>>> print(open('data_17.cif').read())   # mmCIF, C-alpha atoms and all ligand atoms
data_entry
loop_
_atom_site.label_atom_id
_atom_site.label_comp_id
_atom_site.auth_asym_id
_atom_site.auth_seq_id
_atom_site.Cartn_x
_atom_site.Cartn_y
_atom_site.Cartn_z
CA MET A 1 4.91 -0.77 -17.89
CA THR A 2 7.65 0.59 -15.60
CA GLU A 3 9.08 -1.99 -13.25
CA PHE A 4 9.98 -0.95 -9.72
CA LYS A 5 12.55 -2.77 -7.62
CA GLY A 6 10.87 -4.04 -4.47
CA VAL A 7 7.39 -4.20 -6.03
CA THR A 8 5.61 -7.51 -6.62
CA THR A 9 2.59 -7.39 -8.94
CA LEU A 10 0.08 -10.25 -8.63
CA ARG A 11 -0.68 -10.94 -12.28
CA ASP A 12 -2.44 -14.29 -11.84
CA PRO A 13 -5.90 -14.62 -13.45
CA LEU A 14 -7.86 -14.87 -10.19
CA THR A 15 -6.39 -11.65 -8.75
CA GLN A 16 -6.95 -9.88 -12.07
CA HIS A 17 -10.55 -11.14 -12.17
CA LYS A 18 -11.21 -9.67 -8.71
CA LEU A 19 -9.42 -6.46 -9.65
CA THR A 20 -11.64 -6.11 -12.71
CA GLU A 21 -14.68 -6.36 -10.44
CA LEU A 22 -13.24 -3.56 -8.32
CA ARG A 23 -12.58 -1.36 -11.34
CA ASP A 24 -16.03 -1.81 -12.91
CA LYS A 25 -18.24 1.14 -11.92
CA ASN A 26 -21.29 -1.11 -12.13
CA THR A 27 -20.04 -3.37 -9.35
CA GLN A 28 -22.32 -2.93 -6.35
CA LYS A 29 -21.12 -2.31 -2.81
CA HIS A 30 -21.43 -5.89 -1.52
CA ALA A 31 -19.53 -7.33 -4.52
CA PHE A 32 -16.92 -4.56 -4.25
CA ARG A 33 -16.42 -5.38 -0.59
CA GLN A 34 -16.11 -9.10 -1.32
CA ALA A 35 -13.55 -8.52 -4.11
CA LEU A 36 -11.45 -6.24 -1.89
CA HIS A 37 -11.62 -8.83 0.88
CA ASP A 38 -10.43 -11.52 -1.55
CA ILE A 39 -7.58 -9.37 -2.84
CA GLY A 40 -6.63 -8.84 0.82
CA ILE A 41 -6.25 -12.62 1.08
CA PHE A 42 -4.14 -12.87 -2.09
CA LEU A 43 -1.88 -10.01 -1.00
CA THR A 44 -1.45 -11.57 2.44
CA ILE A 45 -0.45 -14.91 0.92
CA ALA A 46 2.16 -13.16 -1.26
CA MET A 47 3.45 -11.07 1.66
CA THR A 48 3.80 -14.03 4.02
CA ARG A 49 6.15 -15.67 1.52
CA GLU A 50 8.68 -13.12 2.79
CA LEU A 51 8.45 -14.47 6.35
CA SER A 52 10.14 -17.48 7.88
CA SER A 53 8.27 -20.09 9.85
CA TYR A 54 9.56 -22.01 12.85
CA SER A 55 9.65 -25.78 13.12
CA HIS A 56 8.12 -27.52 16.11
CA PRO A 57 7.02 -31.03 16.98
CA ILE A 58 3.30 -31.81 16.72
CA GLU A 59 1.22 -34.93 16.97
CA THR A 60 -1.21 -35.90 14.24
CA PRO A 61 -3.96 -38.38 15.18
CA LEU A 62 -1.58 -41.08 13.88
CA THR A 63 1.99 -40.11 14.70
CA GLN A 64 4.49 -37.41 15.53
CA THR A 65 5.79 -35.03 12.91
CA THR A 66 7.32 -31.59 12.55
CA GLY A 67 5.06 -28.62 11.90
CA ALA A 68 5.97 -25.23 10.41
CA SER A 69 4.15 -22.22 11.86
CA LEU A 70 4.24 -18.45 11.64
CA ASP A 71 5.17 -16.60 14.82
CA PHE A 72 2.33 -14.14 15.51
CA ASN A 73 4.51 -12.38 18.11
CA LYS A 74 6.69 -11.17 15.27
CA LEU A 75 3.95 -9.94 12.94
CA ALA A 76 1.37 -7.13 13.00
CA PHE A 77 -1.22 -5.94 10.48
CA ILE A 78 -1.90 -2.23 10.14
CA SER A 79 -4.87 -0.82 8.29
CA ILE A 80 -4.80 2.71 6.94
CA LEU A 81 -8.26 4.11 7.64
CA ARG A 82 -10.71 3.79 6.29
CA ALA A 83 -10.41 1.77 3.07
CA GLY A 84 -7.52 -0.31 4.44
CA ASN A 85 -10.12 -2.16 6.50
CA GLY A 86 -11.44 -3.72 3.28
CA LEU A 87 -8.10 -5.48 2.70
CA LEU A 88 -7.55 -6.14 6.40
CA ASP A 89 -10.83 -8.10 6.52
CA GLY A 90 -9.34 -10.57 4.06
CA ALA A 91 -6.00 -10.72 5.88
CA ILE A 92 -7.58 -11.53 9.26
CA SER A 93 -9.93 -14.07 7.69
CA ILE A 94 -6.88 -16.27 6.99
CA LEU A 95 -4.66 -15.18 9.90
CA PRO A 96 -7.03 -14.24 12.74
CA GLY A 97 -4.29 -14.53 15.37
CA VAL A 98 -2.24 -11.59 14.10
CA PRO A 99 -2.52 -8.38 16.17
CA CYS A 100 -3.95 -5.42 14.22
CA GLY A 101 -3.38 -1.70 14.39
CA PHE A 102 -5.16 1.26 12.78
CA ILE A 103 -3.78 4.56 11.57
CA GLY A 104 -5.78 7.53 10.30
CA ALA A 105 -3.99 10.20 8.29
CA GLU A 106 -5.16 13.22 6.35
CA ARG A 107 -3.56 15.90 4.24
CA ASP A 108 -2.82 19.10 6.14
CA SER A 109 -4.17 21.85 3.88
CA ALA A 110 -1.50 24.30 5.07
CA THR A 111 1.60 22.12 4.60
CA LEU A 112 0.06 19.67 2.04
CA LYS A 113 1.80 16.92 4.01
CA ALA A 114 0.05 13.94 5.54
CA ARG A 115 -0.81 14.35 9.21
CA VAL A 116 -1.56 11.35 11.41
CA TYR A 117 -4.73 12.06 13.42
CA TYR A 118 -5.39 8.58 14.85
CA GLU A 119 -3.06 5.83 15.89
CA LYS A 120 -3.90 2.64 17.74
CA LEU A 121 -1.10 0.10 17.37
CA PRO A 122 -0.48 -3.30 18.92
CA PRO A 123 2.11 -3.21 21.73
CA ASN A 124 5.79 -3.85 20.97
CA ILE A 125 5.90 -2.86 17.31
CA ALA A 126 9.69 -2.86 17.58
CA HIS A 127 11.31 -5.76 15.73
CA LYS A 128 8.05 -7.04 14.25
CA SER A 129 7.32 -7.49 10.57
CA ILE A 130 4.52 -5.11 9.67
CA PHE A 131 1.99 -5.61 6.88
CA ILE A 132 0.41 -2.25 6.02
CA PHE A 133 -2.89 -2.42 4.13
CA ASP A 134 -4.11 0.45 1.97
CA PRO A 135 -6.04 -0.31 -1.25
CA MET A 136 -4.83 2.79 -3.08
CA LEU A 137 -1.16 3.76 -3.18
CA ALA A 138 -1.76 7.09 -4.93
CA THR A 139 0.58 10.05 -4.18
CA GLY A 140 2.40 8.02 -1.53
CA HIS A 141 2.45 10.96 0.94
CA THR A 142 0.27 9.21 3.52
CA LEU A 143 2.22 6.00 3.23
CA LYS A 144 5.51 7.84 3.65
CA ALA A 145 4.26 9.48 6.86
CA ILE A 146 3.13 6.11 8.20
CA ILE A 147 6.37 4.36 7.33
CA GLU A 148 8.26 7.17 9.08
CA LEU A 149 6.09 6.66 12.18
CA LEU A 150 6.66 2.89 12.16
CA LYS A 151 10.39 3.19 11.59
CA ALA A 152 10.62 5.62 14.52
CA LYS A 153 9.14 2.77 16.59
CA ASN A 154 11.83 0.39 15.25
CA ALA A 155 9.56 -1.80 13.15
CA HIS A 156 11.73 -4.62 11.83
CA SER A 157 10.59 -4.88 8.25
CA ILE A 158 7.69 -3.24 6.48
CA TYR A 159 5.54 -4.70 3.70
CA VAL A 160 2.74 -2.84 1.99
CA GLY A 161 -0.33 -4.46 0.41
CA ALA A 162 -2.25 -2.26 -2.06
CA ALA A 163 -4.92 -3.23 -4.58
CA LEU A 164 -3.62 -0.53 -6.95
CA ALA A 165 -0.47 1.55 -7.08
CA ALA A 166 0.36 4.64 -9.12
CA PRO A 167 3.90 5.00 -10.52
CA GLU A 168 4.15 8.45 -8.89
CA GLY A 169 3.38 7.04 -5.43
CA LEU A 170 5.76 4.12 -5.85
CA SER A 171 8.58 6.50 -6.82
CA THR A 172 7.82 8.79 -3.87
CA VAL A 173 7.82 5.98 -1.32
CA LEU A 174 10.66 3.88 -2.71
CA SER A 175 13.02 6.80 -3.29
CA THR A 176 12.84 7.56 0.45
CA TYR A 177 12.46 4.00 1.71
CA PRO A 178 14.08 1.58 -0.77
CA ASP A 179 13.98 -1.22 1.83
CA ILE A 180 10.14 -1.40 1.79
CA LYS A 181 8.52 -4.22 -0.15
CA ILE A 182 5.25 -3.43 -1.91
CA PHE A 183 2.67 -5.93 -3.16
CA THR A 184 -0.10 -4.87 -5.52
CA ALA A 185 -2.56 -6.24 -8.06
CA SER A 186 -1.64 -3.52 -10.59
CA ILE A 187 0.70 -0.64 -11.27
CA ASP A 188 -1.69 1.70 -13.03
CA GLU A 189 -0.91 4.45 -15.55
CA LYS A 190 -0.81 7.67 -13.58
CA LEU A 191 -2.57 10.05 -11.19
CA ASN A 192 -5.07 12.62 -12.39
CA GLU A 193 -4.94 16.27 -11.31
CA LYS A 194 -6.97 15.44 -8.18
CA GLY A 195 -4.63 12.65 -7.12
CA TYR A 196 -6.92 9.79 -8.23
CA ILE A 197 -5.37 6.74 -9.83
CA LEU A 198 -6.08 6.18 -13.57
CA PRO A 199 -7.65 3.95 -14.76
CA GLY A 200 -8.13 3.13 -11.08
CA LEU A 201 -11.40 2.24 -9.40
CA GLY A 202 -12.61 5.56 -8.00
CA ASP A 203 -12.75 6.33 -4.30
CA ALA A 204 -12.15 3.03 -2.54
CA GLY A 205 -13.62 4.18 0.80
CA ASP A 206 -16.80 5.53 -0.78
CA ARG A 207 -17.34 2.41 -2.84
CA LEU A 208 -16.63 0.15 0.15
CA TYR A 209 -18.96 1.95 2.54
CA GLY A 210 -21.52 3.50 0.18
CA THR A 211 -20.72 7.11 1.09
CA GLU A 212 -20.49 8.59 -2.42
N1 LIG A 301 -7.77 7.11 -2.99
C1 LIG A 301 -8.80 6.49 -3.60
O1 LIG A 301 -9.73 6.02 -2.96
N2 LIG A 301 -8.79 6.42 -4.95
C2 LIG A 301 -7.78 6.93 -5.70
O2 LIG A 301 -7.82 6.80 -6.93
C3 LIG A 301 -6.71 7.56 -5.02
C4 LIG A 301 -6.73 7.64 -3.67
#
>>> encode(input="data_17.cif", output="structure tokens")
Amino acid sequence: MTEFKGVTTLRDPLTQHKLTELRDKNTQKHAFRQALHDIGIFLTIAMTRELSSYSHPIETPLTQTTGASLDFNKLAFISILRAGNGLLDGAISILPGVPCGFIGAERDSATLKARVYYEKLPPNIAHKSIFIFDPMLATGHTLKAIIELLKAKNAHSIYVGAALAAPEGLSTVLSTYPDIKIFTASIDEKLNEKGYILPGLGDAGDRLYGTE
């Protein structure tokens, strides 16, 4: 398997177990949703290892000590609609205090480039660490457009959490933005002619919301 600089693959047995549930076409919607939620948690844990915490005094019921906390003013989660919400659910289940944004993008049939049609971001994106959630890093065109948008707003550092990534999409994104760090449960083989990831898991949004 090709290795990509800046990409962390979660190869532990629990993540791979959940990923296998996602891949299996016989997995029903509720189990699919639960597995994507859980992978959202695992990705968030891996991504937060990149952050620093601040020390501050706290009191336990017995004595004083020093705590280590994450600064939610310096962090934002962004879900790429609509399947990103499946991962975001897991992320906010463990870090409910983090502000969340949503971006919708679609391919413009004339230019074949991704066009952002919806954007609702937390205030003061500038100088925050941003965790972008999108289960499927396929061609990478949408992600590139979103990174461009966030960089134009002076986002401090950008991390991407994806259940699956295709080598083509990783090359596309990282050749333009080598400073981005990407976390995934698998780098799959390739894209098919319709831009689906192989072996993949199908259409993540359809399987999450039962719209197929
Ligand atoms: N989006 C999906 O939902 N699945 C793919 O395989 C690629 C993009």
>>> closest_atom_pairs(input="data_17.cif", of="chain A", to="ligand LIG 301 (chain A)", cutoff="6 Å", atoms="all atoms listed in the file", output="tab-separated table")
residue	atom	partner	partner_atom	distance
A:Met136	CA	A:LIG301	N1	5.2
A:Ala138	CA	A:LIG301	C3	5.0
A:Gly195	CA	A:LIG301	C3	5.9
A:Tyr196	CA	A:LIG301	O2	3.4
A:Ile197	CA	A:LIG301	O2	3.8
A:Gly200	CA	A:LIG301	O2	5.5
A:Gly202	CA	A:LIG301	N2	5.0
A:Asp203	CA	A:LIG301	O1	3.3
A:Ala204	CA	A:LIG301	O1	3.9
A:Gly205	CA	A:LIG301	O1	5.7
>>> residues_around(input="data_17.cif", residues="Ile103 (chain A)", least_positions_apart="2", cutoff="7 Å", atoms="only C-alpha atoms", output="list in words")
Ser79, Ile80, Leu81, Gly101, Ala105, Tyr118, Glu119 and Lys120 of chain A
>>> residues_around(input="data_17.cif", residues="region 126-134 of chain A", least_positions_apart="3", cutoff="7 Å", atoms="only C-alpha atoms", output="list in words")
Lys74, Leu75, Ala76, Phe77, Ile78, Ser79, Ile80, Ala83, Gly84, Leu87, Leu88, Leu137, Lys153, Asn154, Ala155, His156, Ser157, Ile158, Tyr159, Val160, Gly161 and Ala162 of chain A
>>> closest_residue(input="data_17.cif", among="A:Leu95, A:Ala31, A:Leu208, A:Ala166", to="Phe72 (chain A)", atoms="all atoms listed in the file")
A:Leu95
>>> residues_around(input="data_17.cif", residues="Ile187 (chain A)", least_positions_apart="6", cutoff="7 Å", atoms="only C-alpha atoms", output="PyMOL selection string")
chain A and resi 164-167
>>> closest_residue(input="data_17.cif", among="A:Val98, A:Ala35, A:Ile146, A:Leu43", to="Leu10 (chain A)", atoms="only C-alpha atoms")
A:Leu43
>>> build_atoms(input="data_17.cif", residues="region 123-140 of chain A", atoms="N, CA, C and O atoms", output="mmCIF file, in the frame of the given file")
data_model
loop_
_atom_site.group_PDB
_atom_site.id
_atom_site.type_symbol
_atom_site.label_atom_id
_atom_site.label_comp_id
_atom_site.auth_asym_id
_atom_site.auth_seq_id
_atom_site.Cartn_x
_atom_site.Cartn_y
_atom_site.Cartn_z
ATOM 1 N N PRO A 123 0.905 -3.490 20.948
ATOM 2 C CA PRO A 123 2.110 -3.210 21.730
ATOM 3 C C PRO A 123 3.351 -3.814 21.072
ATOM 4 O O PRO A 123 3.238 -4.752 20.273
ATOM 5 N N ASN A 124 4.497 -3.270 21.404
ATOM 6 C CA ASN A 124 5.790 -3.850 20.970
ATOM 7 C C ASN A 124 5.924 -3.978 19.457
ATOM 8 O O ASN A 124 6.232 -5.051 18.938
ATOM 9 N N ILE A 125 5.703 -2.875 18.767
ATOM 10 C CA ILE A 125 5.900 -2.860 17.310
ATOM 11 C C ILE A 125 7.364 -3.140 16.948
ATOM 12 O O ILE A 125 7.672 -3.713 15.914
ATOM 13 N N ALA A 126 8.261 -2.737 17.864
ATOM 14 C CA ALA A 126 9.690 -2.860 17.580
ATOM 15 C C ALA A 126 10.023 -4.307 17.231
ATOM 16 O O ALA A 126 9.578 -5.235 17.903
ATOM 17 N N HIS A 127 10.771 -4.462 16.176
ATOM 18 C CA HIS A 127 11.310 -5.760 15.730
ATOM 19 C C HIS A 127 10.254 -6.708 15.172
ATOM 20 O O HIS A 127 10.524 -7.871 14.934
ATOM 21 N N LYS A 128 9.051 -6.207 14.931
ATOM 22 C CA LYS A 128 8.050 -7.040 14.250
ATOM 23 C C LYS A 128 8.094 -6.770 12.751
ATOM 24 O O LYS A 128 8.495 -5.687 12.320
ATOM 25 N N SER A 129 7.631 -7.742 11.973
ATOM 26 C CA SER A 129 7.320 -7.490 10.570
ATOM 27 C C SER A 129 5.935 -6.871 10.520
ATOM 28 O O SER A 129 5.013 -7.354 11.184
ATOM 29 N N ILE A 130 5.797 -5.825 9.729
ATOM 30 C CA ILE A 130 4.520 -5.110 9.670
ATOM 31 C C ILE A 130 3.961 -5.224 8.262
ATOM 32 O O ILE A 130 4.657 -4.939 7.285
ATOM 33 N N PHE A 131 2.705 -5.632 8.162
ATOM 34 C CA PHE A 131 1.990 -5.610 6.880
ATOM 35 C C PHE A 131 1.032 -4.417 6.930
ATOM 36 O O PHE A 131 0.074 -4.414 7.706
ATOM 37 N N ILE A 132 1.300 -3.410 6.095
ATOM 38 C CA ILE A 132 0.410 -2.250 6.020
ATOM 39 C C ILE A 132 -0.588 -2.498 4.885
ATOM 40 O O ILE A 132 -0.181 -2.870 3.772
ATOM 41 N N PHE A 133 -1.871 -2.254 5.162
ATOM 42 C CA PHE A 133 -2.890 -2.420 4.130
ATOM 43 C C PHE A 133 -3.526 -1.079 3.775
ATOM 44 O O PHE A 133 -4.041 -0.378 4.651
ATOM 45 N N ASP A 134 -3.449 -0.745 2.501
ATOM 46 C CA ASP A 134 -4.110 0.450 1.970
ATOM 47 C C ASP A 134 -4.442 0.138 0.512
ATOM 48 O O ASP A 134 -3.525 -0.110 -0.265
ATOM 49 N N PRO A 135 -5.732 0.124 0.124
ATOM 50 C CA PRO A 135 -6.040 -0.310 -1.250
ATOM 51 C C PRO A 135 -5.421 0.564 -2.326
ATOM 52 O O PRO A 135 -5.108 0.073 -3.395
ATOM 53 N N MET A 136 -5.249 1.869 -2.035
ATOM 54 C CA MET A 136 -4.830 2.790 -3.080
ATOM 55 C C MET A 136 -3.519 3.466 -2.720
ATOM 56 O O MET A 136 -3.474 4.339 -1.857
ATOM 57 N N LEU A 137 -2.429 3.047 -3.374
ATOM 58 C CA LEU A 137 -1.160 3.760 -3.180
ATOM 59 C C LEU A 137 -1.121 4.837 -4.267
ATOM 60 O O LEU A 137 -0.745 4.563 -5.401
ATOM 61 N N ALA A 138 -1.575 6.027 -3.925
ATOM 62 C CA ALA A 138 -1.760 7.090 -4.930
ATOM 63 C C ALA A 138 -0.546 8.032 -4.946
ATOM 64 O O ALA A 138 0.442 7.742 -5.600
ATOM 65 N N THR A 139 -0.596 9.145 -4.198
ATOM 66 C CA THR A 139 0.580 10.050 -4.180
ATOM 67 C C THR A 139 1.716 9.467 -3.359
ATOM 68 O O THR A 139 2.872 9.833 -3.542
ATOM 69 N N GLY A 140 1.383 8.614 -2.412
ATOM 70 C CA GLY A 140 2.400 8.020 -1.530
ATOM 71 C C GLY A 140 2.707 8.876 -0.305
ATOM 72 O O GLY A 140 3.449 8.440 0.571
#
